[in-house]
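Next comes my_file_15.txt, a file with compact mmCIF, C-alpha atoms.
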# COMPACT_ATOMS: atom_id res chain seq x y z
CA MET G 20 92.98 -12.54 13.10
CA ARG G 21 89.39 -12.99 14.25
CA MET G 22 88.59 -11.34 17.58
CA LYS G 23 84.84 -11.98 17.48
CA GLY G 24 83.45 -13.39 20.72
CA LEU G 25 86.54 -12.60 22.83
CA SER G 26 86.33 -10.61 26.07
CA LEU G 27 89.66 -8.82 26.16
CA GLU G 28 88.54 -6.66 29.09
CA THR G 29 88.74 -9.72 31.35
CA ILE G 30 92.28 -10.62 30.35
CA PRO G 31 94.40 -11.38 33.46
CA PRO G 32 97.78 -9.75 34.23
CA ILE G 33 100.49 -11.07 31.96
CA HIS G 34 102.59 -12.42 34.83
CA ILE G 35 99.91 -15.05 35.60
CA PRO G 36 100.25 -17.18 32.44
CA PHE G 37 103.89 -16.29 31.83
CA ARG G 38 105.11 -17.70 35.16
CA PHE G 39 103.83 -21.09 33.98
CA PHE G 40 105.14 -20.62 30.43
CA ASN G 41 108.62 -19.67 31.68
CA THR G 42 108.89 -22.68 34.01
CA ALA G 43 107.69 -25.36 31.59
CA PRO G 44 110.69 -25.45 29.20
CA TRP G 45 113.08 -26.20 32.06
CA MET G 46 111.01 -29.24 32.93
CA GLY G 47 111.54 -30.42 29.36
CA VAL G 48 115.29 -29.84 29.70
CA LEU G 49 115.32 -31.86 32.92
CA ALA G 50 113.43 -34.70 31.18
CA ALA G 51 116.10 -34.76 28.47
CA LEU G 52 118.86 -34.94 31.09
CA VAL G 53 117.09 -37.82 32.82
CA LEU G 54 116.96 -39.81 29.56
CA LEU G 55 120.54 -39.00 28.61
CA PHE G 56 122.30 -39.53 31.90
CA GLY G 57 120.14 -42.06 33.70
CA THR G 58 121.69 -45.11 35.29
CA GLY G 59 119.56 -47.76 33.59
CA GLN G 60 117.98 -48.42 30.20
CA PRO G 61 115.12 -45.92 29.78
CA TYR G 62 113.35 -47.79 26.98
CA GLY G 63 113.75 -51.27 28.43
CA SER G 64 110.19 -51.08 29.77
CA GLN G 65 107.40 -48.55 29.97
CA TRP G 66 107.76 -48.87 33.77
CA SER G 67 111.52 -48.17 33.93
CA PRO G 68 112.39 -45.52 36.58
CA GLU G 69 114.03 -43.16 34.07
CA LEU G 70 111.13 -43.36 31.63
CA LEU G 71 108.56 -42.81 34.39
CA ALA G 72 110.54 -39.82 35.67
CA ALA G 73 110.88 -38.31 32.18
CA THR G 74 107.22 -39.02 31.39
CA HIS G 75 106.00 -37.16 34.47
CA LEU G 76 108.40 -34.30 33.84
CA LEU G 77 106.81 -33.91 30.40
CA THR G 78 103.18 -34.54 31.41
CA LEU G 79 103.11 -32.65 34.72
CA GLY G 80 106.18 -30.43 34.51
CA PHE G 81 105.83 -29.31 30.89
CA MET G 82 102.34 -30.08 29.57
CA ALA G 83 100.31 -29.43 32.71
CA MET G 84 102.41 -26.37 33.54
CA VAL G 85 101.64 -24.77 30.17
CA MET G 86 98.03 -25.94 30.12
CA LEU G 87 97.22 -24.55 33.56
CA GLY G 88 98.84 -21.25 32.64
CA ALA G 89 96.87 -21.19 29.38
CA MET G 90 93.63 -21.93 31.26
CA PHE G 91 94.17 -18.91 33.49
CA GLN G 92 94.43 -16.89 30.27
CA LEU G 93 92.03 -18.65 27.90
CA VAL G 94 88.97 -19.22 30.07
CA PRO G 95 88.45 -15.54 31.05
CA VAL G 96 88.93 -14.40 27.46
CA ILE G 97 86.40 -16.80 25.91
CA SER G 98 83.90 -16.85 28.80
CA GLY G 99 83.99 -13.20 29.86
CA ARG G 100 84.56 -14.21 33.52
CA THR G 101 87.85 -14.23 35.41
CA ILE G 102 88.93 -17.30 37.37
CA PRO G 103 88.34 -16.53 41.07
CA GLY G 104 91.45 -15.85 43.14
CA GLY G 105 93.51 -14.32 40.35
CA THR G 106 97.15 -13.77 41.28
CA VAL G 107 96.92 -15.51 44.66
CA VAL G 108 95.50 -18.73 43.20
CA ALA G 109 97.90 -18.70 40.23
CA THR G 110 100.95 -18.19 42.46
CA LEU G 111 99.92 -20.95 44.86
CA VAL G 112 99.13 -23.42 42.05
CA HIS G 113 102.43 -22.68 40.30
CA MET G 114 104.58 -23.13 43.41
CA LEU G 115 102.82 -26.29 44.60
CA LEU G 116 102.88 -27.86 41.14
CA LEU G 117 106.60 -27.18 40.70
CA ILE G 118 107.55 -28.57 44.13
CA GLY G 119 105.25 -31.59 43.74
CA VAL G 120 106.60 -32.50 40.30
CA LEU G 121 110.22 -32.37 41.47
CA LEU G 122 109.45 -34.56 44.50
CA LEU G 123 107.51 -37.06 42.37
CA VAL G 124 110.22 -37.27 39.72
CA ALA G 125 112.94 -37.72 42.35
CA GLY G 126 110.93 -40.59 43.80
CA PHE G 127 110.62 -42.28 40.41
CA TYR G 128 114.20 -41.68 39.31
CA TRP G 129 115.94 -42.91 42.46
CA GLN G 130 113.15 -45.39 43.28
CA ALA G 131 112.79 -43.60 46.62
CA TYR G 132 109.06 -44.16 46.77
CA TRP G 133 108.86 -42.73 50.28
CA LEU G 134 109.13 -39.32 48.58
CA PHE G 135 105.64 -39.90 47.17
CA ALA G 136 104.27 -39.40 50.68
CA TRP G 137 105.50 -35.80 50.36
CA ALA G 138 104.81 -35.30 46.64
CA LEU G 139 101.23 -36.57 46.83
CA PRO G 140 99.74 -33.94 49.20
CA VAL G 141 101.64 -31.13 47.44
CA LEU G 142 100.36 -32.11 44.00
CA LEU G 143 96.86 -32.73 45.30
CA GLY G 144 96.96 -29.26 46.86
CA ALA G 145 98.01 -27.67 43.56
CA PHE G 146 95.27 -29.31 41.52
CA ALA G 147 92.65 -28.94 44.26
CA VAL G 148 93.21 -25.19 44.42
CA PHE G 149 93.11 -24.93 40.63
CA LEU G 150 90.04 -27.12 40.13
CA LEU G 151 88.10 -25.46 42.94
CA ALA G 152 88.74 -22.03 41.44
CA LEU G 153 88.06 -23.18 37.87
CA GLY G 154 85.09 -25.35 38.84
CA SER G 155 83.38 -22.49 40.65
CA LEU G 156 83.44 -20.67 37.31
CA LEU G 157 82.65 -23.57 34.95
CA LEU G 158 79.60 -24.61 36.98
CA ARG G 159 77.99 -21.25 36.28
CA ARG G 160 76.11 -20.26 33.14
CA ILE G 161 78.88 -18.51 31.22
CA GLY G 162 79.78 -17.78 27.62
CA GLY G 163 82.31 -19.63 25.52
CA GLY G 164 79.99 -22.04 23.72
CA ASP G 165 81.58 -25.20 22.33
CA ALA G 166 85.03 -24.39 23.71
CA ILE G 167 83.80 -24.17 27.31
CA TYR G 168 81.71 -27.34 26.75
CA SER G 169 84.87 -29.32 25.97
CA ILE G 170 86.90 -27.58 28.70
CA ARG G 171 84.33 -28.66 31.30
CA PHE G 172 84.89 -32.29 30.29
CA ALA G 173 88.66 -31.70 30.31
CA ALA G 174 88.49 -30.37 33.88
CA LEU G 175 86.49 -33.44 34.95
CA SER G 176 89.05 -35.69 33.25
CA LEU G 177 91.86 -33.90 35.07
CA LEU G 178 90.09 -34.51 38.38
CA ILE G 179 89.79 -38.25 37.61
CA THR G 180 93.38 -38.41 36.36
CA ILE G 181 94.69 -36.85 39.55
CA GLY G 182 92.55 -39.18 41.66
CA LEU G 183 93.86 -42.28 39.89
CA GLY G 184 97.40 -40.95 40.03
CA ALA G 185 97.05 -40.32 43.76
CA LEU G 186 95.91 -43.90 44.32
CA ARG G 187 98.79 -45.20 42.24
CA SER G 188 101.33 -43.01 44.06
CA ALA G 189 100.02 -44.05 47.47
CA ASN G 190 100.36 -47.66 46.32
CA TYR G 191 103.98 -47.04 45.25
CA ALA G 192 104.76 -45.46 48.62
CA GLY G 193 103.27 -48.42 50.49
CA LEU G 194 100.50 -46.29 51.97
CA LEU G 195 97.80 -48.50 50.43
CA GLU G 196 97.37 -52.19 49.90
CA PRO G 197 97.72 -53.47 46.30
CA LEU G 198 94.93 -51.95 44.23
CA THR G 199 92.05 -54.11 43.05
CA LEU G 200 91.05 -51.93 40.09
CA ALA G 201 92.27 -53.70 36.96
CA ASN G 202 94.75 -51.86 34.73
CA ILE G 203 94.73 -48.76 36.94
CA ALA G 204 97.98 -47.52 35.39
CA ASN G 205 96.57 -47.77 31.86
CA ILE G 206 93.30 -46.14 32.95
CA HIS G 207 95.30 -43.32 34.55
CA LEU G 208 97.16 -42.82 31.26
CA ALA G 209 93.91 -42.93 29.27
CA TRP G 210 92.21 -40.25 31.39
CA GLY G 211 95.34 -38.09 31.34
CA LEU G 212 96.10 -38.25 27.61
CA ALA G 213 92.73 -38.94 25.97
CA GLY G 214 90.71 -37.10 28.61
CA TRP G 215 92.54 -34.10 30.01
CA VAL G 216 94.97 -33.43 27.13
CA LEU G 217 92.84 -34.30 24.08
CA LEU G 218 89.68 -32.64 25.42
CA LEU G 219 91.55 -29.48 26.41
CA VAL G 220 93.23 -29.32 23.00
CA MET G 221 89.82 -29.76 21.37
CA GLY G 222 88.34 -26.93 23.44
CA ALA G 223 91.27 -24.62 22.73
CA SER G 224 91.28 -25.41 19.01
CA TYR G 225 87.61 -24.49 18.66
CA GLN G 226 88.67 -20.96 19.58
CA VAL G 227 92.28 -20.46 18.49
CA ILE G 228 92.26 -22.11 15.04
CA PRO G 229 89.48 -19.92 13.58
CA MET G 230 90.95 -16.94 15.47
CA PHE G 231 94.65 -17.15 14.59
CA HIS G 232 94.43 -18.98 11.25
CA VAL G 233 91.25 -17.38 9.88
CA THR G 234 89.51 -20.65 9.07
CA PRO G 235 85.83 -21.62 9.09
CA SER G 236 84.49 -22.49 12.53
CA TYR G 237 83.88 -26.05 13.71
CA PRO G 238 80.24 -27.15 13.26
CA SER G 239 78.59 -26.99 16.67
CA LEU G 240 77.18 -30.51 16.38
CA LEU G 241 80.62 -31.99 15.69
CA ALA G 242 82.33 -29.79 18.30
CA ARG G 243 80.03 -31.15 21.01
CA ALA G 244 79.78 -34.73 19.78
CA LEU G 245 83.55 -35.33 19.78
CA PRO G 246 84.25 -34.55 23.48
CA THR G 247 81.04 -36.35 24.50
CA VAL G 248 82.15 -39.57 22.78
CA VAL G 249 85.62 -39.27 24.33
CA LEU G 250 84.20 -38.89 27.83
CA LEU G 251 81.68 -41.73 27.43
CA SER G 252 84.38 -44.04 26.01
CA LEU G 253 86.67 -43.36 28.98
CA LEU G 254 83.83 -44.01 31.42
CA LEU G 255 83.12 -47.35 29.75
CA LEU G 256 86.79 -48.33 29.86
CA THR G 257 86.93 -47.47 33.56
CA LEU G 258 83.65 -48.82 34.88
CA ILE G 259 82.75 -51.86 32.75
CA ASP G 260 85.21 -54.75 32.72
CA HIS G 261 83.73 -56.59 29.74
CA THR G 262 85.74 -57.58 26.68
CA VAL G 263 83.22 -56.49 24.05
CA VAL G 264 82.33 -53.23 25.79
CA GLN G 265 85.97 -52.28 26.25
CA ALA G 266 86.76 -53.14 22.62
CA LEU G 267 83.90 -50.92 21.43
CA ALA G 268 85.09 -48.12 23.73
CA VAL G 269 88.63 -48.31 22.33
CA VAL G 270 87.28 -48.21 18.76
CA ALA G 271 85.05 -45.23 19.57
CA LEU G 272 87.88 -43.37 21.29
CA CYS G 273 90.38 -43.91 18.47
CA THR G 274 87.81 -43.14 15.77
CA THR G 275 86.90 -39.88 17.51
CA ALA G 276 90.56 -38.86 17.68
CA ILE G 277 91.02 -39.61 13.97
CA VAL G 278 87.86 -37.72 12.98
CA TYR G 279 88.95 -34.70 15.03
CA ALA G 280 92.44 -34.76 13.49
CA VAL G 281 91.21 -35.14 9.91
CA TYR G 282 88.60 -32.38 10.25
CA THR G 283 91.05 -29.98 11.89
CA ILE G 284 93.63 -30.54 9.14
CA ARG G 285 90.83 -29.89 6.63
CA LEU G 286 90.09 -26.57 8.35
CA LEU G 287 93.78 -25.60 8.31
CA ASN G 288 93.85 -26.29 4.58
CA GLN G 289 91.03 -23.75 4.19
CA ARG G 290 93.01 -20.90 5.78
CA LYS G 291 92.26 -17.56 4.18
CA ARG G 292 95.82 -16.42 4.87
CA LYS G 293 97.90 -18.43 2.42
CA ILE G 294 101.30 -17.21 3.65
CA PRO G 295 103.49 -19.87 5.34
CA ASP G 296 102.65 -20.26 9.02
CA ILE G 297 104.90 -22.21 11.41
CA THR G 298 102.07 -22.66 13.90
CA ALA G 299 99.99 -24.40 11.23
CA ARG G 300 102.90 -26.78 10.64
CA PHE G 301 103.04 -27.54 14.37
CA TRP G 302 99.30 -28.26 14.30
CA ARG G 303 99.60 -30.57 11.29
CA LEU G 304 102.49 -32.47 12.88
CA SER G 305 100.52 -32.77 16.11
CA LEU G 306 97.38 -34.04 14.42
CA THR G 307 99.36 -36.49 12.32
CA CYS G 308 100.89 -37.92 15.50
CA LEU G 309 97.40 -38.16 17.00
CA MET G 310 96.14 -40.15 14.01
CA VAL G 311 99.15 -42.46 13.98
CA SER G 312 98.79 -43.00 17.74
CA ALA G 313 95.12 -43.92 17.34
CA LEU G 314 95.86 -46.36 14.52
CA LEU G 315 98.73 -47.95 16.46
CA LEU G 316 96.54 -48.29 19.54
CA LEU G 317 93.86 -50.03 17.51
CA GLY G 318 96.41 -52.38 16.00
CA PHE G 319 98.12 -53.10 19.32
CA TYR G 320 94.83 -53.60 21.16
CA PHE G 321 93.35 -56.06 18.67
CA ALA G 322 96.48 -57.70 17.26
CA GLY G 323 99.12 -57.17 19.94
CA HIS G 324 99.04 -60.85 20.85
CA LEU G 325 100.27 -61.67 17.36
CA LEU G 326 103.59 -59.88 17.91
CA SER G 327 106.36 -62.44 17.85
CA SER G 328 108.50 -61.17 20.73
CA VAL G 329 108.05 -59.72 24.19
CA GLU G 330 110.32 -56.80 23.19
CA LEU G 331 107.89 -55.76 20.44
CA GLN G 332 104.96 -55.98 22.85
CA GLN G 333 106.82 -53.75 25.33
CA MET G 334 107.90 -51.31 22.62
CA ALA G 335 104.42 -50.55 21.26
CA PRO G 336 103.10 -48.66 24.35
CA ILE G 337 106.33 -46.63 24.49
CA ILE G 338 105.98 -45.62 20.82
CA ILE G 339 102.35 -44.61 21.38
CA GLY G 340 103.37 -42.64 24.48
CA ILE G 341 106.08 -40.73 22.59
CA LEU G 342 103.67 -39.90 19.77
CA MET G 343 100.94 -38.74 22.16
CA ILE G 344 103.05 -36.86 24.71
CA TYR G 345 105.82 -35.32 22.65
CA GLY G 346 104.34 -35.61 19.16
CA PHE G 347 100.72 -34.61 19.79
CA ALA G 348 100.63 -32.57 22.99
CA GLY G 349 104.15 -31.16 22.71
CA SER G 350 103.61 -29.99 19.13
CA VAL G 351 100.30 -28.31 19.99
CA ILE G 352 101.81 -26.52 22.96
CA MET G 353 104.87 -25.27 21.09
CA GLY G 354 102.78 -24.21 18.13
CA MET G 355 100.20 -22.32 20.16
CA LEU G 356 102.87 -20.58 22.24
CA GLN G 357 104.26 -19.21 18.96
CA LYS G 358 100.97 -17.30 18.64
CA ILE G 359 99.90 -16.76 22.24
CA VAL G 360 103.13 -15.26 23.60
CA PRO G 361 103.50 -12.54 20.90
CA PHE G 362 99.76 -11.79 21.03
CA LEU G 363 99.71 -11.36 24.82
CA SER G 364 102.96 -9.40 24.83
CA TYR G 365 101.69 -7.02 22.16
CA LEU G 366 98.27 -6.65 23.80
CA HIS G 367 99.70 -5.80 27.22
CA LEU G 368 102.31 -3.42 25.77
CA GLN G 369 99.57 -1.70 23.79
CA ARG G 370 97.52 -1.21 26.94
CA ARG G 371 100.52 0.23 28.77
CA CYS G 372 100.97 2.71 25.93
CA MET G 373 97.44 4.01 26.35
CA SER G 374 98.69 6.29 29.13
CA SER G 375 101.37 7.71 26.86
CA PHE G 376 100.33 7.74 23.22
CA GLU G 377 103.75 8.80 21.92
CA LEU G 378 105.01 5.34 22.91
CA LEU G 379 102.65 3.63 20.46
CA LYS G 380 105.10 4.16 17.61
CA THR G 381 107.73 2.19 19.52
CA LEU G 382 105.52 -0.92 19.77
CA PRO G 383 107.10 -3.89 17.98
CA HIS G 384 105.06 -5.81 15.47
CA MET G 385 103.86 -9.19 16.76
CA GLY G 386 106.03 -10.87 14.13
CA GLU G 387 109.09 -9.20 15.63
CA ILE G 388 108.54 -10.54 19.16
CA ILE G 389 109.30 -14.10 17.99
CA PRO G 390 111.06 -13.79 14.60
CA GLU G 391 109.83 -16.23 11.98
CA SER G 392 113.36 -17.54 11.39
CA ARG G 393 113.58 -18.69 15.02
CA SER G 394 110.17 -20.31 14.80
CA ARG G 395 111.26 -22.25 11.71
CA TRP G 396 114.39 -23.51 13.45
CA GLN G 397 112.39 -24.52 16.51
CA PHE G 398 110.00 -26.51 14.32
CA ARG G 399 112.89 -28.27 12.57
CA LEU G 400 114.53 -29.08 15.89
CA HIS G 401 111.21 -30.27 17.34
CA TRP G 402 110.38 -32.81 14.64
CA SER G 403 114.04 -33.91 14.56
CA VAL G 404 113.87 -34.66 18.29
CA LEU G 405 110.63 -36.55 17.74
CA LEU G 406 112.33 -38.76 15.15
CA VAL G 407 115.31 -39.32 17.43
CA LEU G 408 113.05 -40.31 20.34
CA LEU G 409 111.20 -42.79 18.14
CA ALA G 410 114.48 -44.18 16.82
CA ALA G 411 115.84 -44.48 20.37
CA ALA G 412 112.75 -46.38 21.48
CA ILE G 413 112.84 -48.68 18.45
CA THR G 414 116.55 -49.43 18.27
CA GLY G 415 117.54 -48.96 21.91
CA PHE G 416 120.74 -47.15 20.88
CA LEU G 417 120.38 -44.35 23.43
CA PRO G 418 121.80 -46.25 26.45
CA SER G 419 124.80 -47.45 24.43
CA LEU G 420 125.48 -44.00 23.04
CA ARG G 421 125.11 -42.43 26.49
CA HIS G 422 127.55 -44.81 28.22
CA CYS G 423 130.00 -44.55 25.33
CA CYS G 424 130.05 -40.75 25.57
CA TRP G 425 130.47 -40.74 29.34
CA ARG G 426 133.32 -43.27 29.23
CA GLN G 427 135.17 -41.12 26.73
CA ILE G 428 134.59 -37.89 28.65
CA LEU G 429 135.07 -39.20 32.19
CA PRO G 430 136.85 -42.58 32.15
CA GLY G 431 136.11 -44.76 35.11
CA TRP G 432 132.99 -42.82 36.16
CA ALA G 433 130.16 -45.29 35.76
CA SER G 434 127.31 -42.85 36.43
CA PRO G 435 126.96 -39.09 36.87
CA TRP G 436 123.93 -39.52 39.14
CA PRO G 437 123.87 -40.95 42.65
CA VAL G 438 121.96 -44.18 43.20
CA LEU G 439 120.14 -44.66 46.48
CA PRO G 440 120.81 -47.95 48.25
CA ALA G 441 118.10 -50.56 48.03
CA SER G 442 117.30 -50.17 51.73
CA THR G 443 115.97 -46.67 51.15
CA THR G 444 113.29 -47.74 48.68
CA VAL G 445 109.85 -49.13 49.30
CA PRO G 446 108.88 -52.30 47.39
CA LEU G 447 106.61 -51.56 44.47
CA HIS G 448 103.10 -53.00 44.68
CA VAL G 449 101.64 -53.97 41.32
Write out the structure in this file as structure tokens.
Amino acid sequence: MRMKGLSLETIPPIHIPFRFFNTAPWMGVLAALVLLFGTGQPYGSQWSPELLAATHLLTLGFMAMVMLGAMFQLVPVISGRTIPGGTVVATLVHMLLLIGVLLLVAGFYWQAYWLFAWALPVLLGAFAVFLLALGSLLLRRIGGGDAIYSIRFAALSLLITIGLGALRSANYAGLLEPLTLANIANIHLAWGLAGWVLLLVMGASYQVIPMFHVTPSYPSLLARALPTVVLLSLLLLTLIDHTVVQALAVVALCTTAIVYAVYTIRLLNQRKRKIPDITARFWRLSLTCLMVSALLLLGFYFAGHLLSSVELQQMAPIIIGILMIYGFAGSVIMGMLQKIVPFLSYLHLQRRCMSSFELLKTLPHMGEIIPESRSRWQFRLHWSVLLVLLAAAITGFLPSLRHCCWRQILPGWASPWPVLPASTTVPLHV
């Protein structure tokens, strides 16, 4: 493990990242329950209530929860500066994010869009507190090199994503007139997945892949060019409504993602430690999903009109979403937590033992904190779930299987979830 360039003296208390890490898996469990026991057909459309609820549980409840917790840990270690506010800011962000996600998801699931009027200020408060604290640090001249360079762009992308999401939510709740910005939902997705998620993963990988996997470092020119192209492509897609310009931006964005994935896999193949590593398998699965997503997006963007049926046209964005959210981001998060959690646990236990040296001999090895056998089973379960999600989206068997199971278990019970009457919902503005 390479520790060069890390500032371990600025590491925050372990309860700060772990409160986020401990909450995130339950958001994933809730997303699974929404897909299994929803009242409609989740994969009938990318705008179905169940799919929107599950998507935001995964993106905000799982992904953002882990990523914000990791930022509280990662930024101080690679920059040498702690995020202002410490425990107070982390606690406030965690509580507001959790409450806001649950309100937002309830609004989507039951189509009770009036709940967005409550979810919106809570979520805005969570991200405003986080971005103000993080921004006050990132705007300074700090260390961290290429990783901080990409993280700055990721923070900007998060700000834009939240802004677009707030406009969309206010539109759902009837607080705003129908929006005039074309394709605002797709732009919101692009900034969230290609901006916030991809750029943050890039920034983290510049540090953690050479550190944990003992690989060569990313060339500085490439490490800075990739996030710059991503950001410029997203700006073009957002600001210039011209067919040729948008086509070039999509090509640049997808090409950048593919180049990043190919080069990172090449680095992982140059690991100096040749023993099997589950985290490296998570990374390879993640990067493969990123490449496939980019290729599918290119094909759908330029040849989607050639698809013979409306069902195929509706299925393509859902497949890309599954590959990006669960395949790419989910795999990276699960893989990195396999390294980060044992490392942080060991580091903090070691520091506690400094006051009583006889306890050092009782310290578990990092490999004992998360046994390798459990990591292997988690990886197998993870890629199996990915295949099942893709199969469910392609074949549409999930709703039939779900209703069949419920009719056998509880005959006569049409749905395990309450459905709000139509009078309680606000018409959706498109």
Within 9 Å of (82.6, -21.3, 25.0) (file coordinates; only C-alpha atoms), which protein or nucleic acid residues are there? I'd like them as a PyMOL selection string.
chain G and resi 94+97-98+161-170+222+225-226
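Residue nearest Leu212 of chain G within the list G:Val148, G:Ile388, G:Ile413, G:Ala83: G:Ala83 [criterion: smallest interatomic distance, all atoms listed in the file].
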Looking at G:Met334, G:Val53, G:Leu255, G:Leu122, which one is nearest to Leu134 of chain G, with distances taken over only C-alpha atoms?
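Using only C-alpha atoms, Leu134 of chain G sits closest to G:Leu122.
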Could you give me, as JSON, numbers by chain, the residues within 9 Å of segment 237-250 of chain G, counting all atoms listed in the file and dropping anything in the same chain fewer than 2 positions from it?
{"G": [164, 165, 166, 168, 169, 172, 173, 176, 210, 213, 214, 217, 218, 221, 222, 225, 229, 235, 252, 253, 254, 255, 268, 271, 272, 273, 275, 276, 278, 279, 282, 283, 286]}
Against segment 349-369 of chain G, which residues of segment 42-90 of chain G fall within 9 Å? For each one I want the closest pair of atoms and the distance in Å (one decimal), counting all atoms listed in the file, rows by chain and increasing residue number, as JSON lines.
{"residue": "G:Leu77", "atom": "CA", "partner": "G:Gly349", "partner_atom": "CA", "distance": 8.6}
{"residue": "G:Phe81", "atom": "CA", "partner": "G:Gly349", "partner_atom": "CA", "distance": 8.6}
{"residue": "G:Met82", "atom": "CA", "partner": "G:Gly349", "partner_atom": "CA", "distance": 7.2}
{"residue": "G:Val85", "atom": "CA", "partner": "G:Ile352", "partner_atom": "CA", "distance": 7.4}
{"residue": "G:Met86", "atom": "CA", "partner": "G:Ile352", "partner_atom": "CA", "distance": 8.1}
{"residue": "G:Ala89", "atom": "CA", "partner": "G:Ile359", "partner_atom": "CA", "distance": 8.9}
Just want the 9 Å neighbourhood of Leu256 of chain G, counted on only C-alpha atoms, with same-chain residues fewer than 3 positions away dropped. Output as a compact mmCIF listing (two decimals) with C-alpha atoms, keeping the file's coordinate frame.
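Result file part19.txt:
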# COMPACT_ATOMS: atom_id res chain seq x y z
CA ILE G 206 93.30 -46.14 32.95
CA ALA G 209 93.91 -42.93 29.27
CA LEU G 251 81.68 -41.73 27.43
CA SER G 252 84.38 -44.04 26.01
CA LEU G 253 86.67 -43.36 28.98
CA ILE G 259 82.75 -51.86 32.75
CA ASP G 260 85.21 -54.75 32.72
CA HIS G 261 83.73 -56.59 29.74
CA VAL G 264 82.33 -53.23 25.79
CA GLN G 265 85.97 -52.28 26.25
CA ALA G 266 86.76 -53.14 22.62
CA ALA G 268 85.09 -48.12 23.73
CA VAL G 269 88.63 -48.31 22.33
Atom CA of Pro32 of chain G to atom CA of Phe91 of chain G: how many Å, to one decimal?
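A separation of 9.9 Å between them.
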To one decimal place, how far is atom CA of Gly126 of chain G from atom CA of Ile338 of chain G in Å?
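Atom CA of Ile338 of chain G lies at a distance of 24.0 Å from atom CA of Gly126 of chain G.
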